[in-house]
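First the structure, in the form of structure tokens, and then the observations on it.
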Amino acid sequence: MSQDFRARRFKANSEAALANPVLQANMKMAKGKFVDKRAISIKEIDDFEGTREAAMAVRNQVIENLDLWLEKFEQTATARGATVLWAKDGAEICRHVVDIGRRHGVKKAVKSKSMLSEEAGLNLALAAAGIQPVETDLGEYILQINDNEAPSHIIAPVIHKSLDEVADLFHATHKTPRKTEIPALTREAREVLREHFLSADMGISGGNFLVAETGSVALVTNEGNGRMVTTLPRVHVVVTGIEKVVPTLEDLALLLRLLPRSATGQSISTYVSVLTGVKRPDEQEGPEHLYFILVDNGRADVVGSEFQDMLRCIRCGACMNHCPVYQTIGGHAYGWVYPGPMGSVLTPLFTGLENALDLPQASTFCNQCSSVCPVNIPLPDLLRKLRENGRYEEMLLRY
């Protein structure tokens, strides 16, 4: 891990965030954005607590037998025409994707949102290999044209930016008249991205869930870019963590009752795509080549440990939406891909506690994060366990 790893500087990052008047104004505007909507939407579920318990049981079933479910997924996905590859870390993700691109003569890759590609620094690797990466999620696109800025939220990547900042950025990048109406800005983005969708050789996506029963990937999005990325290019590459597998489509349906409600307060997201196999001869759309890159990057070491509960996480972002620390300092202060309470646990687990010594302290222990978690992860307890780690005090003195 690089010696300038930003999560080591959480205290300094937080002080800078608190002293930044623009960021503070933006975070104040965003505060509570999804909280009220979530509170309303979960009332639509007759037995919300029972549904959470059932979802937790599904996730535990997988994690406790992760190798078996991954083998099942590999078998079914391969039978549907996909190629399943494995990556131990970010560097191996990049090697796989670049190799796939070169094998198929790819010059341009369009991407939908993928936190695993953020873990790997995939865009830089693609560009270095002569393959143009284009982010197509609106938030991620805004960040990419802003000198590849990192996202500050896993659901709303540019929640830290104001409308005026985006308007200035589009004006400077696209050389168009400055617009301040949201519909006009989104239309401008669509016009720019449409050309990329039609000319890309490869699409790269993450995966909200992998379904072992069918060898499918499920994508949950609110923008049409996810379907454009996964159906128009002749090559589709899915990059996702090994913990994302679920046994059956029925289990997927259960989790989909909770994910959008917890993330954005929607009963269901605008698009739910369940993608299976390559394009058949009688089909007009879909990839000719489908690759799954299943990533470890620290996850396997968590299986069977006292932190195994964290692998239940379905990346909804509810914990950070309700966290008073995140709401005050934003996501960049956490220094890596995952901010908020989830990041305070995941970053030390995946990158090493020595690279994130302050993050176990980044909590008020108010328990709002656990109370809204759709799969009942005891986040404050896990943070306490990190602080009680036998090497924690030793490392605090060293660093």
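FYI, nothing fancy with the structure tokens labels: chains A, B, ... in order, residues from 1 per chain, ligands from 1 as they appear.
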Spatial neighbours of Val337 of chain A, max dist 10 Å, only C-alpha atoms, sep filter under 5 positions, as a VMD selection string: chain A and resid 7 115 to 120 150 to 154 331 to 332 343 346 to 347
Spatial neighbours of Lys279 of chain A, 12 Å, only C-alpha atoms, chain gap at least 3 places, as JSON, numbers by chain: {"A": [80, 81, 82, 230, 231, 232, 233, 234, 235, 236, 275, 276, 282, 283, 284, 285, 286, 287, 288, 289, 290]}
File dump, residues just selected, N, CA, C and O atoms, as an mmCIF file, in the first residue's frame:
```
data_model
loop_
_atom_site.group_PDB
_atom_site.id
_atom_site.type_symbol
_atom_site.label_atom_id
_atom_site.label_comp_id
_atom_site.auth_asym_id
_atom_site.auth_seq_id
_atom_site.Cartn_x
_atom_site.Cartn_y
_atom_site.Cartn_z
ATOM 1 N N ARG A 80 -23.810 -20.723 -19.625
ATOM 2 C CA ARG A 80 -24.569 -19.738 -20.407
ATOM 3 C C ARG A 80 -23.673 -18.957 -21.367
ATOM 4 O O ARG A 80 -24.100 -17.963 -21.955
ATOM 5 N N GLY A 81 -22.416 -19.355 -21.491
ATOM 6 C CA GLY A 81 -21.532 -18.719 -22.469
ATOM 7 C C GLY A 81 -20.584 -17.679 -21.930
ATOM 8 O O GLY A 81 -19.818 -17.073 -22.692
ATOM 9 N N ALA A 82 -20.608 -17.431 -20.625
ATOM 10 C CA ALA A 82 -19.717 -16.438 -20.032
ATOM 11 C C ALA A 82 -18.367 -17.059 -19.681
ATOM 12 O O ALA A 82 -18.232 -18.283 -19.574
ATOM 13 N N THR A 230 -24.283 -2.406 -21.005
ATOM 14 C CA THR A 230 -24.269 -3.872 -20.937
ATOM 15 C C THR A 230 -24.888 -4.550 -22.149
ATOM 16 O O THR A 230 -24.776 -5.774 -22.283
ATOM 17 N N THR A 231 -25.548 -3.788 -23.023
ATOM 18 C CA THR A 231 -26.205 -4.418 -24.169
ATOM 19 C C THR A 231 -25.689 -3.948 -25.527
ATOM 20 O O THR A 231 -25.773 -4.694 -26.498
ATOM 21 N N LEU A 232 -25.145 -2.732 -25.622
ATOM 22 C CA LEU A 232 -24.701 -2.233 -26.919
ATOM 23 C C LEU A 232 -23.303 -2.719 -27.338
ATOM 24 O O LEU A 232 -23.127 -3.175 -28.467
ATOM 25 N N PRO A 233 -22.278 -2.619 -26.476
ATOM 26 C CA PRO A 233 -20.945 -3.062 -26.909
ATOM 27 C C PRO A 233 -20.894 -4.577 -27.115
ATOM 28 O O PRO A 233 -21.647 -5.334 -26.499
ATOM 29 N N ARG A 234 -19.972 -5.020 -27.961
ATOM 30 C CA ARG A 234 -19.871 -6.448 -28.253
ATOM 31 C C ARG A 234 -19.206 -7.225 -27.122
ATOM 32 O O ARG A 234 -19.298 -8.461 -27.059
ATOM 33 N N VAL A 235 -18.527 -6.516 -26.204
ATOM 34 C CA VAL A 235 -17.884 -7.153 -25.056
ATOM 35 C C VAL A 235 -18.421 -6.513 -23.780
ATOM 36 O O VAL A 235 -18.459 -5.290 -23.664
ATOM 37 N N HIS A 236 -18.862 -7.345 -22.833
ATOM 38 C CA HIS A 236 -19.304 -6.851 -21.526
ATOM 39 C C HIS A 236 -18.446 -7.506 -20.453
ATOM 40 O O HIS A 236 -18.324 -8.744 -20.404
ATOM 41 N N LEU A 275 -29.054 -9.868 -16.121
ATOM 42 C CA LEU A 275 -28.363 -10.164 -17.376
ATOM 43 C C LEU A 275 -27.746 -11.557 -17.308
ATOM 44 O O LEU A 275 -26.992 -11.866 -16.379
ATOM 45 N N THR A 276 -28.066 -12.364 -18.302
ATOM 46 C CA THR A 276 -27.653 -13.765 -18.279
ATOM 47 C C THR A 276 -27.067 -14.160 -19.625
ATOM 48 O O THR A 276 -27.744 -14.079 -20.654
ATOM 49 N N ASP A 282 -30.660 -15.652 -32.229
ATOM 50 C CA ASP A 282 -31.957 -15.056 -32.543
ATOM 51 C C ASP A 282 -32.206 -13.747 -31.801
ATOM 52 O O ASP A 282 -33.297 -13.178 -31.887
ATOM 53 N N GLU A 283 -31.200 -13.238 -31.073
ATOM 54 C CA GLU A 283 -31.357 -12.001 -30.314
ATOM 55 C C GLU A 283 -30.670 -10.843 -31.031
ATOM 56 O O GLU A 283 -29.612 -11.010 -31.646
ATOM 57 N N GLN A 284 -31.257 -9.654 -30.898
ATOM 58 C CA GLN A 284 -30.739 -8.486 -31.595
ATOM 59 C C GLN A 284 -29.809 -7.638 -30.744
ATOM 60 O O GLN A 284 -29.092 -6.797 -31.273
ATOM 61 N N GLU A 285 -29.837 -7.812 -29.441
ATOM 62 C CA GLU A 285 -28.965 -7.014 -28.577
ATOM 63 C C GLU A 285 -28.334 -7.889 -27.522
ATOM 64 O O GLU A 285 -28.790 -9.003 -27.249
ATOM 65 N N GLY A 286 -27.276 -7.358 -26.936
ATOM 66 C CA GLY A 286 -26.537 -8.115 -25.937
ATOM 67 C C GLY A 286 -25.113 -8.350 -26.396
ATOM 68 O O GLY A 286 -24.793 -8.253 -27.590
ATOM 69 N N PRO A 287 -24.218 -8.656 -25.486
ATOM 70 C CA PRO A 287 -22.800 -8.819 -25.835
ATOM 71 C C PRO A 287 -22.516 -10.152 -26.519
ATOM 72 O O PRO A 287 -23.155 -11.164 -26.232
ATOM 73 N N GLU A 288 -21.553 -10.130 -27.413
ATOM 74 C CA GLU A 288 -21.066 -11.370 -28.011
ATOM 75 C C GLU A 288 -20.130 -12.106 -27.061
ATOM 76 O O GLU A 288 -19.977 -13.326 -27.141
ATOM 77 N N HIS A 289 -19.512 -11.339 -26.156
ATOM 78 C CA HIS A 289 -18.560 -11.910 -25.198
ATOM 79 C C HIS A 289 -18.872 -11.332 -23.816
ATOM 80 O O HIS A 289 -19.013 -10.122 -23.655
ATOM 81 N N LEU A 290 -18.999 -12.199 -22.827
ATOM 82 C CA LEU A 290 -19.312 -11.789 -21.454
ATOM 83 C C LEU A 290 -18.267 -12.363 -20.507
ATOM 84 O O LEU A 290 -18.011 -13.565 -20.514
#
```
Could you list, with a cut-off of 8 Å and counting only C-alpha atoms, the residues of segment 270-318 of chain A near segment 58-77 of chain A, each shown with its nearest atom pair and the distance in Å rounded to one decimal, rows sorted by chain and ascending number, as a tab-separated table?
```
residue	atom	partner	partner_atom	distance
A:Thr276	CA	A:Ala77	CA	7.6
A:Gly277	CA	A:Ala77	CA	6.7
A:Val303	CA	A:Ile63	CA	7.0
A:Gly304	CA	A:Glu64	CA	7.6
A:Gln308	CA	A:Ile63	CA	7.9
A:Asp309	CA	A:Asn60	CA	7.8
A:Leu311	CA	A:Ile63	CA	7.2
A:Arg312	CA	A:Arg59	CA	5.4
```
Test item: residues at most 10 Å from segment 143-149 of chain A, only C-alpha atoms, excluding those fewer than 6 positions along its chain, as a ChimeraX atom specification: /A:123-124,133-137,157-158,161,166,169-170,172-174,332
Saved selection, atoms kept: C-alpha atoms, as a compact mmCIF listing (two decimals), in the first residue's frame:
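Result written to part-v9.txt:
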```txt
# COMPACT_ATOMS: atom_id res chain seq x y z
CA ASN A 123 -9.49 4.00 -15.50
CA LEU A 124 -5.81 4.89 -15.22
CA PRO A 133 -12.45 4.80 -20.46
CA VAL A 134 -15.68 6.80 -20.39
CA GLU A 135 -17.78 6.97 -17.23
CA THR A 136 -21.47 7.09 -18.15
CA ASP A 137 -23.20 7.34 -14.77
CA PRO A 157 -20.99 10.22 -6.18
CA VAL A 158 -21.21 14.03 -6.53
CA LYS A 161 -20.95 19.38 -5.41
CA VAL A 166 -21.42 21.37 -12.22
CA LEU A 169 -17.54 22.32 -15.21
CA PHE A 170 -19.83 21.51 -18.17
CA ALA A 172 -15.49 24.61 -19.41
CA THR A 173 -15.36 21.01 -20.65
CA HIS A 174 -18.00 20.97 -23.39
CA HIS A 332 -13.43 12.35 0.72
```
Within 9 Å of Glu306 of chain A using only C-alpha atoms, minus same-chain residues under 4 positions, as a ChimeraX atom specification: /A:302,382,385
Segment 255-264 of chain A environment, 6 Å, only C-alpha atoms, sequence neighbours closer than 5 positions dropped, as a ChimeraX atom specification: /A:34,38,41,269,316-318
Can you spit out the residues from that selection as a PDB file, in the first residue's frame, using N, CA and C atoms?
```
ATOM      1  N   PHE A  34     -31.823  11.493   1.569  1.00  0.00           N
ATOM      2  CA  PHE A  34     -32.463  10.196   1.406  1.00  0.00           C
ATOM      3  C   PHE A  34     -33.141   9.691   2.683  1.00  0.00           C
ATOM      4  N   ARG A  38     -36.458   7.216   2.809  1.00  0.00           N
ATOM      5  CA  ARG A  38     -36.325   5.853   3.311  1.00  0.00           C
ATOM      6  C   ARG A  38     -37.385   5.568   4.367  1.00  0.00           C
ATOM      7  N   SER A  41     -40.670   4.906   2.678  1.00  0.00           N
ATOM      8  CA  SER A  41     -40.761   3.734   1.804  1.00  0.00           C
ATOM      9  C   SER A  41     -40.756   2.418   2.575  1.00  0.00           C
ATOM     10  N   SER A 269     -35.983   0.760  -7.925  1.00  0.00           N
ATOM     11  CA  SER A 269     -35.234   1.706  -8.735  1.00  0.00           C
ATOM     12  C   SER A 269     -35.798   1.747 -10.153  1.00  0.00           C
ATOM     13  N   CYS A 316     -25.822  -0.222   0.071  1.00  0.00           N
ATOM     14  CA  CYS A 316     -26.969   0.660  -0.132  1.00  0.00           C
ATOM     15  C   CYS A 316     -26.655   2.105   0.239  1.00  0.00           C
ATOM     16  N   GLY A 317     -25.700   2.317   1.134  1.00  0.00           N
ATOM     17  CA  GLY A 317     -25.340   3.659   1.562  1.00  0.00           C
ATOM     18  C   GLY A 317     -26.191   4.209   2.688  1.00  0.00           C
ATOM     19  N   ALA A 318     -27.131   3.425   3.224  1.00  0.00           N
ATOM     20  CA  ALA A 318     -28.005   3.941   4.287  1.00  0.00           C
ATOM     21  C   ALA A 318     -27.205   4.369   5.511  1.00  0.00           C
TER      22      ALA A 318
END
```
Backbone-only DSSP, strand (DSSP E or B) members of segment 220-329 of chain A, as a ChimeraX atom specification: /A:220-221,235-241,245-246,271-276,289-295
Selection near Gly121 of chain A, 10 Å with only C-alpha atoms, sequence-local residues under 6 positions removed, as an MDAnalysis selection string: chainID A and resid 90:91 93:94 115
Top pick for closest residue to Gly32 of chain A, considering A:Gly241, A:Gly105, A:Gly215, A:Gly265 and counting only C-alpha atoms: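 Closest to Gly32 of chain A of all the choices is A:Gly265.
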Contact residues around Leu18 of chain A with only C-alpha atoms at 12 Å, ignoring same-chain residues under 2 positions, as an MDAnalysis selection string: chainID A and resid 11:16 20:28 325:330 332:333
Please dump the current selection as a short mmCIF file (atom, residue, chain, number, x, y, z; two decimals), in the first residue's frame; keep N, CA, C and O atoms.
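Ended up saving to out25.cif:
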```cif
data_model
loop_
_atom_site.label_atom_id
_atom_site.label_comp_id
_atom_site.auth_asym_id
_atom_site.auth_seq_id
_atom_site.Cartn_x
_atom_site.Cartn_y
_atom_site.Cartn_z
N LYS A 11 -7.77 12.55 10.19
CA LYS A 11 -7.94 13.74 11.04
C LYS A 11 -7.66 15.01 10.26
O LYS A 11 -8.45 15.97 10.32
N ALA A 12 -6.57 15.04 9.52
CA ALA A 12 -6.24 16.22 8.71
C ALA A 12 -7.28 16.43 7.62
O ALA A 12 -7.68 17.57 7.34
N ASN A 13 -7.72 15.33 7.00
CA ASN A 13 -8.76 15.44 5.97
C ASN A 13 -10.03 16.03 6.54
O ASN A 13 -10.70 16.87 5.91
N SER A 14 -10.39 15.59 7.75
CA SER A 14 -11.62 16.07 8.39
C SER A 14 -11.52 17.55 8.73
O SER A 14 -12.48 18.31 8.54
N GLU A 15 -10.37 17.95 9.24
CA GLU A 15 -10.17 19.37 9.57
C GLU A 15 -10.29 20.24 8.33
O GLU A 15 -10.91 21.32 8.35
N ALA A 16 -9.73 19.76 7.22
CA ALA A 16 -9.82 20.51 5.96
C ALA A 16 -11.26 20.58 5.48
O ALA A 16 -11.72 21.61 4.98
N ASN A 20 -13.77 24.02 4.95
CA ASN A 20 -14.09 24.32 3.56
C ASN A 20 -15.53 24.83 3.48
O ASN A 20 -16.48 24.06 3.56
N PRO A 21 -15.74 26.14 3.30
CA PRO A 21 -17.11 26.68 3.33
C PRO A 21 -17.98 26.18 2.18
O PRO A 21 -19.19 26.02 2.35
N VAL A 22 -17.39 25.94 1.02
CA VAL A 22 -18.15 25.45 -0.12
C VAL A 22 -18.66 24.04 0.16
O VAL A 22 -19.84 23.73 -0.03
N LEU A 23 -17.75 23.18 0.64
CA LEU A 23 -18.15 21.81 0.98
C LEU A 23 -19.21 21.81 2.07
O LEU A 23 -20.20 21.07 1.99
N GLN A 24 -19.02 22.63 3.08
CA GLN A 24 -19.99 22.66 4.18
C GLN A 24 -21.37 23.09 3.71
O GLN A 24 -22.39 22.53 4.13
N ALA A 25 -21.40 24.06 2.81
CA ALA A 25 -22.69 24.50 2.27
C ALA A 25 -23.34 23.38 1.44
O ALA A 25 -24.56 23.15 1.53
N ASN A 26 -22.51 22.68 0.66
CA ASN A 26 -23.05 21.59 -0.16
C ASN A 26 -23.55 20.44 0.69
O ASN A 26 -24.61 19.85 0.41
N MET A 27 -22.82 20.09 1.74
CA MET A 27 -23.24 19.00 2.63
C MET A 27 -24.51 19.38 3.39
O MET A 27 -25.37 18.53 3.64
N LYS A 28 -24.64 20.65 3.75
CA LYS A 28 -25.85 21.09 4.42
C LYS A 28 -27.06 20.95 3.50
O LYS A 28 -28.15 20.53 3.93
N VAL A 325 -21.30 11.90 11.42
CA VAL A 325 -19.91 12.19 11.04
C VAL A 325 -19.82 12.41 9.54
O VAL A 325 -19.29 13.43 9.07
N TYR A 326 -20.37 11.46 8.77
CA TYR A 326 -20.34 11.61 7.31
C TYR A 326 -21.05 12.89 6.88
O TYR A 326 -20.57 13.64 6.02
N GLN A 327 -22.21 13.17 7.47
CA GLN A 327 -22.99 14.34 7.07
C GLN A 327 -22.25 15.64 7.34
O GLN A 327 -22.56 16.68 6.74
N THR A 328 -21.26 15.60 8.21
CA THR A 328 -20.52 16.81 8.57
C THR A 328 -19.27 16.99 7.70
O THR A 328 -18.94 18.11 7.30
N ILE A 329 -18.58 15.89 7.39
CA ILE A 329 -17.28 16.02 6.71
C ILE A 329 -17.30 15.51 5.27
O ILE A 329 -16.34 15.72 4.53
N GLY A 330 -18.36 14.83 4.84
CA GLY A 330 -18.39 14.30 3.49
C GLY A 330 -17.54 13.06 3.34
O GLY A 330 -16.92 12.58 4.29
N HIS A 332 -14.85 12.36 1.09
CA HIS A 332 -13.43 12.35 0.72
C HIS A 332 -12.51 12.27 1.93
O HIS A 332 -11.38 11.79 1.82
N ALA A 333 -12.99 12.72 3.08
CA ALA A 333 -12.15 12.70 4.28
C ALA A 333 -11.74 11.29 4.67
O ALA A 333 -10.69 11.09 5.28
#
```
